[in-house]
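Peer 1: Please find one structure pasted underneath; my questions will follow.
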Amino acid sequence: MANYNQEMYGLGSKRSVIRELFEFGRRKREREGEDAVFDFSLGNPSVPPPGGVPLALSSLATTPGIHGYTSAQGDAAVRRQVAESLVQRFGAPVGPDDLYMTCGAAASLCICLRALRCPGDEFIVFAPYFPEYRVFIEAAGGKVVTVPFTEPDFQIDFDAFGASLSEKTKAVIINSPNNPSGVIFTEATLKRLATLLEERSRTYGHPVYLISDEPYRELYYTPAPPPFVMNFYRNTLLCYSWSKSLSLPGERIGYIAVHPQAEDAKGVYAAICGAGRALGYVCAPSLFQRVAALNADTAPEIEAYRRNRDLLYGALTKIGYECAPPDGAFYLFVKSLEPSAQAFSDRAKEYGLLIVPGDDFAAPGYVRLAYCVDYDMIRRSLPAFERLYADYR
Ligand code: PLP
């Protein structure tokens, strides 16, 4: 028997579908040239950070003490600036002492889960969901309960949700705009969700928390921004990240905001500080806390993504592919042309199209296309999508 943790070994050595697609693409490019591969597999922002980021970086670089530790919950002035931005833009009920700066949304989620989880707790996730949720919940010692989605609009299946809630439910995770569907939960969905959670919290005699994972909050194509989740339900923990909005995924910067009227909000906040400590985060990156604070009101460069979305969604639906209209993020979730999304993705590879099967997102029968890519690559890929479709007809 190996002398290390088998669960961690399993996580570290498991075959990654996206990694395999990447390796396939690399080999095909070497054999057939750059233009033979159309890679839609990765959610890495393709636009450079907005101008405010390099500006802040150059002005901050020589500030004395800029690379030192900050307090564990984040620099006080940074939290003040971020809180002010949330109040001003969304009417959020938060102040600086409700914010905890983190190393991105992944860290925000892991910290919240570790802070909340008690023995026997369950966490509800809505398909389709970011595959790491399962890893994060199980690593925190919780049990994952999955609720299916409604077709074709990818909202919440409330009958299934109602049946999945129980005394054991500690929290529910939502992600809107969504990876992988690009769908935004409507105000009606959020109101219904809040009403149900309030009812069940009363029935069970303890709060059912809502963890709102919002790395794509600023990436929307609708005239108005997505409804601000925290304003619908007081027992909310908001997990934010600037990875996508400021194109900074490698810099690891985000925050948690605890609704100040959440039940025992101060206790939850202290548990978040404890979880950040136990997980060894120490503090969020000091320089990028300041860069993010200076850019708290900076809007992302959305136009390139909108152009990509319009081209890809328009062309694919014209060919005959079925897909939920994507109102946010930078993904299309397309119905597979055969029951097995893996088999469909394998067939697409023959045409140089790298697309991710939906099975790991708990949505078998769909594939995800990330359109944070070069516009010209999308344009060149369209004949391949046409040939793939014709192949099935
Ligand atoms: N949540 C969702 C839905 C995501 O898509 C991602 C990254 O792709 C994350 C969380 C993690 O983001 P971060 O880079 O901020 O850790």
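If you're wondering about the labels, chains in the structure tokens are A, B, ... by order shown, residues count from 1 in each chain, ligands from 1 in order shown.
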Output the neighbourhood of ligand 1 as a PyMOL selection string, that is, all protein and nucleic acid residues with some atom at most 10 Å from the ligand, counting only C-alpha atoms and all ligand atoms.
Peer 2: chain A and resi 42-45+102-110+129-133+174-180+212-216+239-245+247-255+329-331
Peer 1: Taking only C-alpha atoms into account, which of A:Val183, A:Ala275, A:Val291, A:Ala390 comes nearest A:Ile66?
Peer 2: A:Val291
Peer 1: Taking the DSSP assignment computed from this structure's backbone, write out as a ChimeraX atom specification all residues of stretch 95-339 of chain A that belong to helix (DSSP H, G or I).
Peer 2: /A:96-98,104-116,132-139,158-164,187-204,229-231,249-251,265-278,286-294,303-319
Peer 1: Against stretch 146-167 of chain A, which residues of stretch 58-135 of chain A fall within 7 Å? For each one I want the closest pair of atoms and the distance in Å (one decimal), counting only C-alpha atoms, rows by chain and increasing residue number, as a tab-separated table.
Peer 2:
```
residue	atom	partner	partner_atom	distance
A:Ile124	CA	A:Thr146	CA	5.8
A:Val125	CA	A:Thr146	CA	5.1
A:Phe126	CA	A:Val147	CA	4.8
A:Ala127	CA	A:Pro148	CA	5.2
```
Peer 1: Measuring atom to atom with only C-alpha atoms, identify which of A:Val17, A:Ile272, A:Ser46, A:Thr169 is nearest to A:Gln342.
Peer 2: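 Among the listed residues, the smallest separation from A:Gln342 belongs to A:Val17.
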Peer 1: Give me the residues within 6 Å of stretch 68-85 of chain A as a list in words, counting only C-alpha atoms and dropping any in the same chain fewer than 2 places off.
Peer 2: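 My list of contacting residues is Gly65, Ile66, Val87, Gln88, Arg89, Gly95, Pro96, Tyr100, Met101, Val282, Cys283, Ala293 and Ala296 of chain A.
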Peer 1: Contacts of A:Phe24 at 12 Å or less, counting only C-alpha atoms, minus same-chain residues fewer than 2 places along, as a PDB file with all heavy atoms, in the first residue's frame?
Peer 2:
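Generated output (part-v3.pdb):
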```pdb
ATOM      1  N   VAL A  17     -10.113  15.355 -19.033  1.00  0.00           N
ATOM      2  CA  VAL A  17     -10.615  15.377 -20.409  1.00  0.00           C
ATOM      3  C   VAL A  17     -10.028  16.572 -21.167  1.00  0.00           C
ATOM      4  O   VAL A  17      -9.601  16.451 -22.317  1.00  0.00           O
ATOM      5  CB  VAL A  17     -12.165  15.470 -20.388  1.00  0.00           C
ATOM      6  CG1 VAL A  17     -12.707  15.539 -21.799  1.00  0.00           C
ATOM      7  CG2 VAL A  17     -12.750  14.273 -19.658  1.00  0.00           C
ATOM      8  N   ILE A  18      -9.978  17.727 -20.489  1.00  0.00           N
ATOM      9  CA  ILE A  18      -9.488  18.936 -21.156  1.00  0.00           C
ATOM     10  C   ILE A  18      -7.996  18.788 -21.488  1.00  0.00           C
ATOM     11  O   ILE A  18      -7.542  19.142 -22.566  1.00  0.00           O
ATOM     12  CB  ILE A  18      -9.764  20.189 -20.296  1.00  0.00           C
ATOM     13  CG1 ILE A  18     -11.277  20.399 -20.205  1.00  0.00           C
ATOM     14  CG2 ILE A  18      -9.069  21.416 -20.871  1.00  0.00           C
ATOM     15  CD1 ILE A  18     -11.730  21.636 -19.469  1.00  0.00           C
ATOM     16  N   ARG A  19      -7.276  18.191 -20.555  1.00  0.00           N
ATOM     17  CA  ARG A  19      -5.836  17.960 -20.769  1.00  0.00           C
ATOM     18  C   ARG A  19      -5.634  17.046 -21.997  1.00  0.00           C
ATOM     19  O   ARG A  19      -4.766  17.279 -22.833  1.00  0.00           O
ATOM     20  CB  ARG A  19      -5.270  17.325 -19.496  1.00  0.00           C
ATOM     21  CG  ARG A  19      -3.806  17.071 -19.476  1.00  0.00           C
ATOM     22  CD  ARG A  19      -3.022  18.273 -18.947  1.00  0.00           C
ATOM     23  NE  ARG A  19      -1.752  18.333 -19.661  1.00  0.00           N
ATOM     24  CZ  ARG A  19      -1.054  19.428 -19.857  1.00  0.00           C
ATOM     25  NH1 ARG A  19      -1.498  20.582 -19.437  1.00  0.00           N
ATOM     26  NH2 ARG A  19       0.086  19.394 -20.488  1.00  0.00           N
ATOM     27  N   GLU A  20      -6.443  16.004 -22.070  1.00  0.00           N
ATOM     28  CA  GLU A  20      -6.320  15.077 -23.202  1.00  0.00           C
ATOM     29  C   GLU A  20      -6.634  15.770 -24.530  1.00  0.00           C
ATOM     30  O   GLU A  20      -5.969  15.536 -25.536  1.00  0.00           O
ATOM     31  CB  GLU A  20      -7.263  13.882 -23.018  1.00  0.00           C
ATOM     32  CG  GLU A  20      -6.627  12.846 -22.146  1.00  0.00           C
ATOM     33  CD  GLU A  20      -7.364  11.530 -22.147  1.00  0.00           C
ATOM     34  OE1 GLU A  20      -8.356  11.398 -22.880  1.00  0.00           O
ATOM     35  OE2 GLU A  20      -6.934  10.654 -21.403  1.00  0.00           O
ATOM     36  N   LEU A  21      -7.658  16.634 -24.502  1.00  0.00           N
ATOM     37  CA  LEU A  21      -7.984  17.399 -25.715  1.00  0.00           C
ATOM     38  C   LEU A  21      -6.798  18.264 -26.115  1.00  0.00           C
ATOM     39  O   LEU A  21      -6.428  18.364 -27.279  1.00  0.00           O
ATOM     40  CB  LEU A  21      -9.210  18.281 -25.464  1.00  0.00           C
ATOM     41  CG  LEU A  21     -10.580  17.606 -25.534  1.00  0.00           C
ATOM     42  CD1 LEU A  21     -11.661  18.567 -25.068  1.00  0.00           C
ATOM     43  CD2 LEU A  21     -10.888  17.135 -26.955  1.00  0.00           C
ATOM     44  N   PHE A  22      -6.202  18.885 -25.106  1.00  0.00           N
ATOM     45  CA  PHE A  22      -5.053  19.770 -25.346  1.00  0.00           C
ATOM     46  C   PHE A  22      -3.910  18.990 -25.999  1.00  0.00           C
ATOM     47  O   PHE A  22      -3.328  19.426 -26.994  1.00  0.00           O
ATOM     48  CB  PHE A  22      -4.605  20.379 -24.013  1.00  0.00           C
ATOM     49  CG  PHE A  22      -3.401  21.254 -24.120  1.00  0.00           C
ATOM     50  CD1 PHE A  22      -3.515  22.570 -24.550  1.00  0.00           C
ATOM     51  CD2 PHE A  22      -2.134  20.767 -23.808  1.00  0.00           C
ATOM     52  CE1 PHE A  22      -2.395  23.383 -24.669  1.00  0.00           C
ATOM     53  CE2 PHE A  22      -1.007  21.563 -23.918  1.00  0.00           C
ATOM     54  CZ  PHE A  22      -1.149  22.875 -24.350  1.00  0.00           C
ATOM     55  N   ARG A  26      -2.239  19.415 -29.680  1.00  0.00           N
ATOM     56  CA  ARG A  26      -0.796  19.673 -29.886  1.00  0.00           C
ATOM     57  C   ARG A  26      -0.229  18.723 -30.955  1.00  0.00           C
ATOM     58  O   ARG A  26       0.453  19.151 -31.880  1.00  0.00           O
ATOM     59  CB  ARG A  26      -0.065  19.489 -28.552  1.00  0.00           C
ATOM     60  CG  ARG A  26       1.372  19.990 -28.552  1.00  0.00           C
ATOM     61  CD  ARG A  26       2.065  19.760 -27.211  1.00  0.00           C
ATOM     62  NE  ARG A  26       1.977  18.377 -26.760  1.00  0.00           N
ATOM     63  CZ  ARG A  26       2.715  17.367 -27.237  1.00  0.00           C
ATOM     64  NH1 ARG A  26       3.590  17.589 -28.175  1.00  0.00           N
ATOM     65  NH2 ARG A  26       2.552  16.137 -26.777  1.00  0.00           N
ATOM     66  N   ARG A  27      -0.599  17.435 -30.823  1.00  0.00           N
ATOM     67  CA  ARG A  27      -0.076  16.449 -31.788  1.00  0.00           C
ATOM     68  C   ARG A  27      -0.598  16.738 -33.204  1.00  0.00           C
ATOM     69  O   ARG A  27       0.130  16.679 -34.182  1.00  0.00           O
ATOM     70  CB  ARG A  27      -0.459  15.028 -31.351  1.00  0.00           C
ATOM     71  CG  ARG A  27       0.344  14.538 -30.136  1.00  0.00           C
ATOM     72  CD  ARG A  27       0.156  13.046 -29.942  1.00  0.00           C
ATOM     73  NE  ARG A  27      -1.249  12.660 -29.778  1.00  0.00           N
ATOM     74  CZ  ARG A  27      -1.884  12.616 -28.608  1.00  0.00           C
ATOM     75  NH1 ARG A  27      -1.237  12.912 -27.507  1.00  0.00           N
ATOM     76  NH2 ARG A  27      -3.152  12.263 -28.546  1.00  0.00           N
ATOM     77  N   LYS A  28      -1.883  17.079 -33.290  1.00  0.00           N
ATOM     78  CA  LYS A  28      -2.500  17.340 -34.613  1.00  0.00           C
ATOM     79  C   LYS A  28      -1.864  18.577 -35.266  1.00  0.00           C
ATOM     80  O   LYS A  28      -1.609  18.592 -36.476  1.00  0.00           O
ATOM     81  CB  LYS A  28      -4.016  17.514 -34.450  1.00  0.00           C
ATOM     82  CG  LYS A  28      -4.802  17.472 -35.769  1.00  0.00           C
ATOM     83  CD  LYS A  28      -6.296  17.394 -35.490  1.00  0.00           C
ATOM     84  CE  LYS A  28      -7.132  17.642 -36.727  1.00  0.00           C
ATOM     85  NZ  LYS A  28      -7.182  16.526 -37.679  1.00  0.00           N
ATOM     86  N   ARG A  29      -1.602  19.601 -34.433  1.00  0.00           N
ATOM     87  CA  ARG A  29      -0.954  20.816 -34.972  1.00  0.00           C
ATOM     88  C   ARG A  29       0.431  20.487 -35.525  1.00  0.00           C
ATOM     89  O   ARG A  29       0.809  20.965 -36.587  1.00  0.00           O
ATOM     90  CB  ARG A  29      -0.790  21.858 -33.855  1.00  0.00           C
ATOM     91  CG  ARG A  29      -1.985  22.754 -33.700  1.00  0.00           C
ATOM     92  CD  ARG A  29      -1.645  23.960 -32.817  1.00  0.00           C
ATOM     93  NE  ARG A  29      -2.878  24.524 -32.317  1.00  0.00           N
ATOM     94  CZ  ARG A  29      -3.417  24.252 -31.141  1.00  0.00           C
ATOM     95  NH1 ARG A  29      -2.819  23.418 -30.310  1.00  0.00           N
ATOM     96  NH2 ARG A  29      -4.545  24.802 -30.768  1.00  0.00           N
ATOM     97  N   GLU A  30       1.178  19.651 -34.767  1.00  0.00           N
ATOM     98  CA  GLU A  30       2.534  19.285 -35.207  1.00  0.00           C
ATOM     99  C   GLU A  30       2.481  18.561 -36.556  1.00  0.00           C
ATOM    100  O   GLU A  30       3.284  18.803 -37.439  1.00  0.00           O
ATOM    101  CB  GLU A  30       3.190  18.370 -34.156  1.00  0.00           C
ATOM    102  CG  GLU A  30       3.906  19.154 -33.066  1.00  0.00           C
ATOM    103  CD  GLU A  30       4.354  18.262 -31.916  1.00  0.00           C
ATOM    104  OE1 GLU A  30       4.404  17.013 -32.103  1.00  0.00           O
ATOM    105  OE2 GLU A  30       4.616  18.811 -30.847  1.00  0.00           O
ATOM    106  N   ARG A  31       1.495  17.671 -36.688  1.00  0.00           N
ATOM    107  CA  ARG A  31       1.359  16.868 -37.923  1.00  0.00           C
ATOM    108  C   ARG A  31       0.834  17.696 -39.086  1.00  0.00           C
ATOM    109  O   ARG A  31       1.350  17.634 -40.195  1.00  0.00           O
ATOM    110  CB  ARG A  31       0.370  15.722 -37.683  1.00  0.00           C
ATOM    111  CG  ARG A  31       0.980  14.439 -37.152  1.00  0.00           C
ATOM    112  CD  ARG A  31       0.010  13.272 -37.321  1.00  0.00           C
ATOM    113  NE  ARG A  31      -1.392  13.594 -37.139  1.00  0.00           N
ATOM    114  CZ  ARG A  31      -2.048  13.545 -35.986  1.00  0.00           C
ATOM    115  NH1 ARG A  31      -1.403  13.189 -34.892  1.00  0.00           N
ATOM    116  NH2 ARG A  31      -3.332  13.837 -35.910  1.00  0.00           N
ATOM    117  N   GLU A  32      -0.233  18.492 -38.813  1.00  0.00           N
ATOM    118  CA  GLU A  32      -0.997  19.081 -39.930  1.00  0.00           C
ATOM    119  C   GLU A  32      -0.938  20.610 -40.009  1.00  0.00           C
ATOM    120  O   GLU A  32      -1.527  21.203 -40.900  1.00  0.00           O
ATOM    121  CB  GLU A  32      -2.469  18.632 -39.828  1.00  0.00           C
ATOM    122  CG  GLU A  32      -2.619  17.123 -39.896  1.00  0.00           C
ATOM    123  CD  GLU A  32      -4.022  16.667 -39.537  1.00  0.00           C
ATOM    124  OE1 GLU A  32      -4.972  17.372 -39.887  1.00  0.00           O
ATOM    125  OE2 GLU A  32      -4.155  15.610 -38.888  1.00  0.00           O
ATOM    126  N   ALA A  36      -5.150  23.434 -38.549  1.00  0.00           N
ATOM    127  CA  ALA A  36      -5.912  22.175 -38.534  1.00  0.00           C
ATOM    128  C   ALA A  36      -6.687  21.988 -37.223  1.00  0.00           C
ATOM    129  O   ALA A  36      -7.478  21.060 -37.094  1.00  0.00           O
ATOM    130  CB  ALA A  36      -4.972  20.993 -38.745  1.00  0.00           C
ATOM    131  N   VAL A  37      -6.447  22.877 -36.254  1.00  0.00           N
ATOM    132  CA  VAL A  37      -7.056  22.693 -34.929  1.00  0.00           C
ATOM    133  C   VAL A  37      -7.858  23.928 -34.540  1.00  0.00           C
ATOM    134  O   VAL A  37      -7.392  25.060 -34.687  1.00  0.00           O
ATOM    135  CB  VAL A  37      -5.955  22.416 -33.871  1.00  0.00           C
ATOM    136  CG1 VAL A  37      -6.560  22.336 -32.471  1.00  0.00           C
ATOM    137  CG2 VAL A  37      -5.224  21.125 -34.189  1.00  0.00           C
ATOM    138  N   PHE A  38      -9.079  23.681 -34.033  1.00  0.00           N
ATOM    139  CA  PHE A  38      -9.944  24.766 -33.550  1.00  0.00           C
ATOM    140  C   PHE A  38     -10.231  24.458 -32.089  1.00  0.00           C
ATOM    141  O   PHE A  38     -11.058  23.604 -31.770  1.00  0.00           O
ATOM    142  CB  PHE A  38     -11.227  24.828 -34.379  1.00  0.00           C
ATOM    143  CG  PHE A  38     -10.971  24.792 -35.859  1.00  0.00           C
ATOM    144  CD1 PHE A  38     -11.256  23.659 -36.605  1.00  0.00           C
ATOM    145  CD2 PHE A  38     -10.391  25.884 -36.501  1.00  0.00           C
ATOM    146  CE1 PHE A  38     -10.996  23.611 -37.964  1.00  0.00           C
ATOM    147  CE2 PHE A  38     -10.127  25.848 -37.866  1.00  0.00           C
ATOM    148  CZ  PHE A  38     -10.424  24.711 -38.593  1.00  0.00           C
ATOM    149  N   ASP A  39      -9.517  25.140 -31.201  1.00  0.00           N
ATOM    150  CA  ASP A  39      -9.538  24.761 -29.786  1.00  0.00           C
ATOM    151  C   ASP A  39     -10.565  25.600 -29.018  1.00  0.00           C
ATOM    152  O   ASP A  39     -10.352  26.781 -28.774  1.00  0.00           O
ATOM    153  CB  ASP A  39      -8.134  24.948 -29.193  1.00  0.00           C
ATOM    154  CG  ASP A  39      -8.031  24.352 -27.797  1.00  0.00           C
ATOM    155  OD1 ASP A  39      -9.081  24.004 -27.224  1.00  0.00           O
ATOM    156  OD2 ASP A  39      -6.902  24.243 -27.286  1.00  0.00           O
ATOM    157  N   SER A  41     -11.604  24.492 -25.941  1.00  0.00           N
ATOM    158  CA  SER A  41     -11.657  23.705 -24.701  1.00  0.00           C
ATOM    159  C   SER A  41     -11.413  24.515 -23.421  1.00  0.00           C
ATOM    160  O   SER A  41     -11.883  24.138 -22.361  1.00  0.00           O
ATOM    161  CB  SER A  41     -10.656  22.547 -24.782  1.00  0.00           C
ATOM    162  OG  SER A  41      -9.339  23.040 -24.828  1.00  0.00           O
ATOM    163  N   SER A 345     -17.673  14.284 -28.922  1.00  0.00           N
ATOM    164  CA  SER A 345     -16.437  15.066 -28.820  1.00  0.00           C
ATOM    165  C   SER A 345     -15.304  14.361 -29.571  1.00  0.00           C
ATOM    166  O   SER A 345     -14.498  15.009 -30.257  1.00  0.00           O
ATOM    167  CB  SER A 345     -16.079  15.262 -27.339  1.00  0.00           C
ATOM    168  OG  SER A 345     -14.754  15.685 -27.198  1.00  0.00           O
ATOM    169  N   ASP A 346     -15.270  13.009 -29.484  1.00  0.00           N
ATOM    170  CA  ASP A 346     -14.234  12.250 -30.204  1.00  0.00           C
ATOM    171  C   ASP A 346     -14.400  12.421 -31.717  1.00  0.00           C
ATOM    172  O   ASP A 346     -13.437  12.584 -32.452  1.00  0.00           O
ATOM    173  CB  ASP A 346     -14.297  10.765 -29.836  1.00  0.00           C
ATOM    174  CG  ASP A 346     -13.799  10.520 -28.418  1.00  0.00           C
ATOM    175  OD1 ASP A 346     -13.095  11.401 -27.877  1.00  0.00           O
ATOM    176  OD2 ASP A 346     -14.113   9.459 -27.845  1.00  0.00           O
ATOM    177  N   ALA A 348     -15.835  14.961 -33.192  1.00  0.00           N
ATOM    178  CA  ALA A 348     -15.504  16.354 -33.520  1.00  0.00           C
ATOM    179  C   ALA A 348     -13.985  16.525 -33.684  1.00  0.00           C
ATOM    180  O   ALA A 348     -13.523  17.319 -34.517  1.00  0.00           O
ATOM    181  CB  ALA A 348     -16.037  17.284 -32.435  1.00  0.00           C
ATOM    182  N   LYS A 349     -13.223  15.771 -32.871  1.00  0.00           N
ATOM    183  CA  LYS A 349     -11.755  15.863 -32.946  1.00  0.00           C
ATOM    184  C   LYS A 349     -11.240  15.532 -34.342  1.00  0.00           C
ATOM    185  O   LYS A 349     -10.254  16.091 -34.809  1.00  0.00           O
ATOM    186  CB  LYS A 349     -11.126  14.887 -31.947  1.00  0.00           C
ATOM    187  CG  LYS A 349     -10.918  15.505 -30.581  1.00  0.00           C
ATOM    188  CD  LYS A 349     -10.810  14.525 -29.446  1.00  0.00           C
ATOM    189  CE  LYS A 349      -9.746  13.490 -29.518  1.00  0.00           C
ATOM    190  NZ  LYS A 349      -9.715  12.642 -28.307  1.00  0.00           N
ATOM    191  N   GLU A 350     -11.939  14.599 -35.010  1.00  0.00           N
ATOM    192  CA  GLU A 350     -11.503  14.225 -36.366  1.00  0.00           C
ATOM    193  C   GLU A 350     -11.561  15.436 -37.307  1.00  0.00           C
ATOM    194  O   GLU A 350     -10.871  15.481 -38.317  1.00  0.00           O
ATOM    195  CB  GLU A 350     -12.381  13.101 -36.917  1.00  0.00           C
ATOM    196  CG  GLU A 350     -12.187  11.789 -36.173  1.00  0.00           C
ATOM    197  CD  GLU A 350     -13.252  10.766 -36.552  1.00  0.00           C
ATOM    198  OE1 GLU A 350     -13.854  10.883 -37.636  1.00  0.00           O
ATOM    199  OE2 GLU A 350     -13.485   9.858 -35.730  1.00  0.00           O
ATOM    200  N   GLY A 352     -10.879  18.427 -36.201  1.00  0.00           N
ATOM    201  CA  GLY A 352     -10.011  19.426 -35.572  1.00  0.00           C
ATOM    202  C   GLY A 352     -10.720  20.260 -34.520  1.00  0.00           C
ATOM    203  O   GLY A 352     -10.152  21.222 -34.004  1.00  0.00           O
ATOM    204  N   LEU A 353     -11.969  19.916 -34.196  1.00  0.00           N
ATOM    205  CA  LEU A 353     -12.748  20.716 -33.235  1.00  0.00           C
ATOM    206  C   LEU A 353     -12.552  20.153 -31.825  1.00  0.00           C
ATOM    207  O   LEU A 353     -12.911  19.000 -31.558  1.00  0.00           O
ATOM    208  CB  LEU A 353     -14.235  20.667 -33.595  1.00  0.00           C
ATOM    209  CG  LEU A 353     -14.604  21.274 -34.950  1.00  0.00           C
ATOM    210  CD1 LEU A 353     -16.007  20.848 -35.380  1.00  0.00           C
ATOM    211  CD2 LEU A 353     -14.522  22.800 -34.868  1.00  0.00           C
ATOM    212  N   LEU A 354     -11.982  20.956 -30.929  1.00  0.00           N
ATOM    213  CA  LEU A 354     -11.773  20.507 -29.554  1.00  0.00           C
ATOM    214  C   LEU A 354     -12.885  21.073 -28.681  1.00  0.00           C
ATOM    215  O   LEU A 354     -12.932  22.273 -28.393  1.00  0.00           O
ATOM    216  CB  LEU A 354     -10.406  20.959 -29.039  1.00  0.00           C
ATOM    217  CG  LEU A 354      -9.194  20.598 -29.908  1.00  0.00           C
ATOM    218  CD1 LEU A 354      -7.900  20.930 -29.189  1.00  0.00           C
ATOM    219  CD2 LEU A 354      -9.209  19.122 -30.303  1.00  0.00           C
ATOM    220  N   ILE A 355     -13.832  20.209 -28.277  1.00  0.00           N
ATOM    221  CA  ILE A 355     -14.988  20.632 -27.487  1.00  0.00           C
ATOM    222  C   ILE A 355     -15.137  19.651 -26.324  1.00  0.00           C
ATOM    223  O   ILE A 355     -14.836  18.462 -26.453  1.00  0.00           O
ATOM    224  CB  ILE A 355     -16.275  20.706 -28.347  1.00  0.00           C
ATOM    225  CG1 ILE A 355     -16.572  19.373 -29.035  1.00  0.00           C
ATOM    226  CG2 ILE A 355     -16.135  21.799 -29.392  1.00  0.00           C
ATOM    227  CD1 ILE A 355     -17.788  19.414 -29.953  1.00  0.00           C
TER     228      ILE A 355
END
```
Peer 1: Env of A:Pro119: 12 Å cut, atoms = only C-alpha atoms, seq-sep filter 5 positions within chain, self excluded. Answer as a PyMOL selection string.
Peer 2: chain A and resi 114+140-143+168-170
Peer 1: Could you check the closest approach to A:Pro223 for each of A:Ala2, A:Ser13, A:Glu199, A:Asp327 and tell me which residue wins, using only C-alpha atoms?
Peer 2: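 Answer, going by the shortest atom-to-atom distance: A:Asp327.
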Peer 1: Assign secondary structure with DSSP using the backbone only, and return the residues of stretch 83-212 of chain A in strand (DSSP E or B) as a ChimeraX atom specification.
Peer 2: /A:99-102,122-126,143-147,149,156,169-174,209-212
Peer 1: Given the choices A:Cys273, A:Ile319, A:Arg234, A:Tyr371, which gets closest to A:Pro383 if the distance is worked out from only C-alpha atoms?
Peer 2: A:Ile319
Peer 1: Find the residue from A:Phe232, A:Tyr4, A:Phe40, A:Phe288 that sits nearest to A:Leu246; use only C-alpha atoms when measuring.
Peer 2: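 Looking only at the distances to A:Leu246, the closest residue turns out to be A:Phe288.
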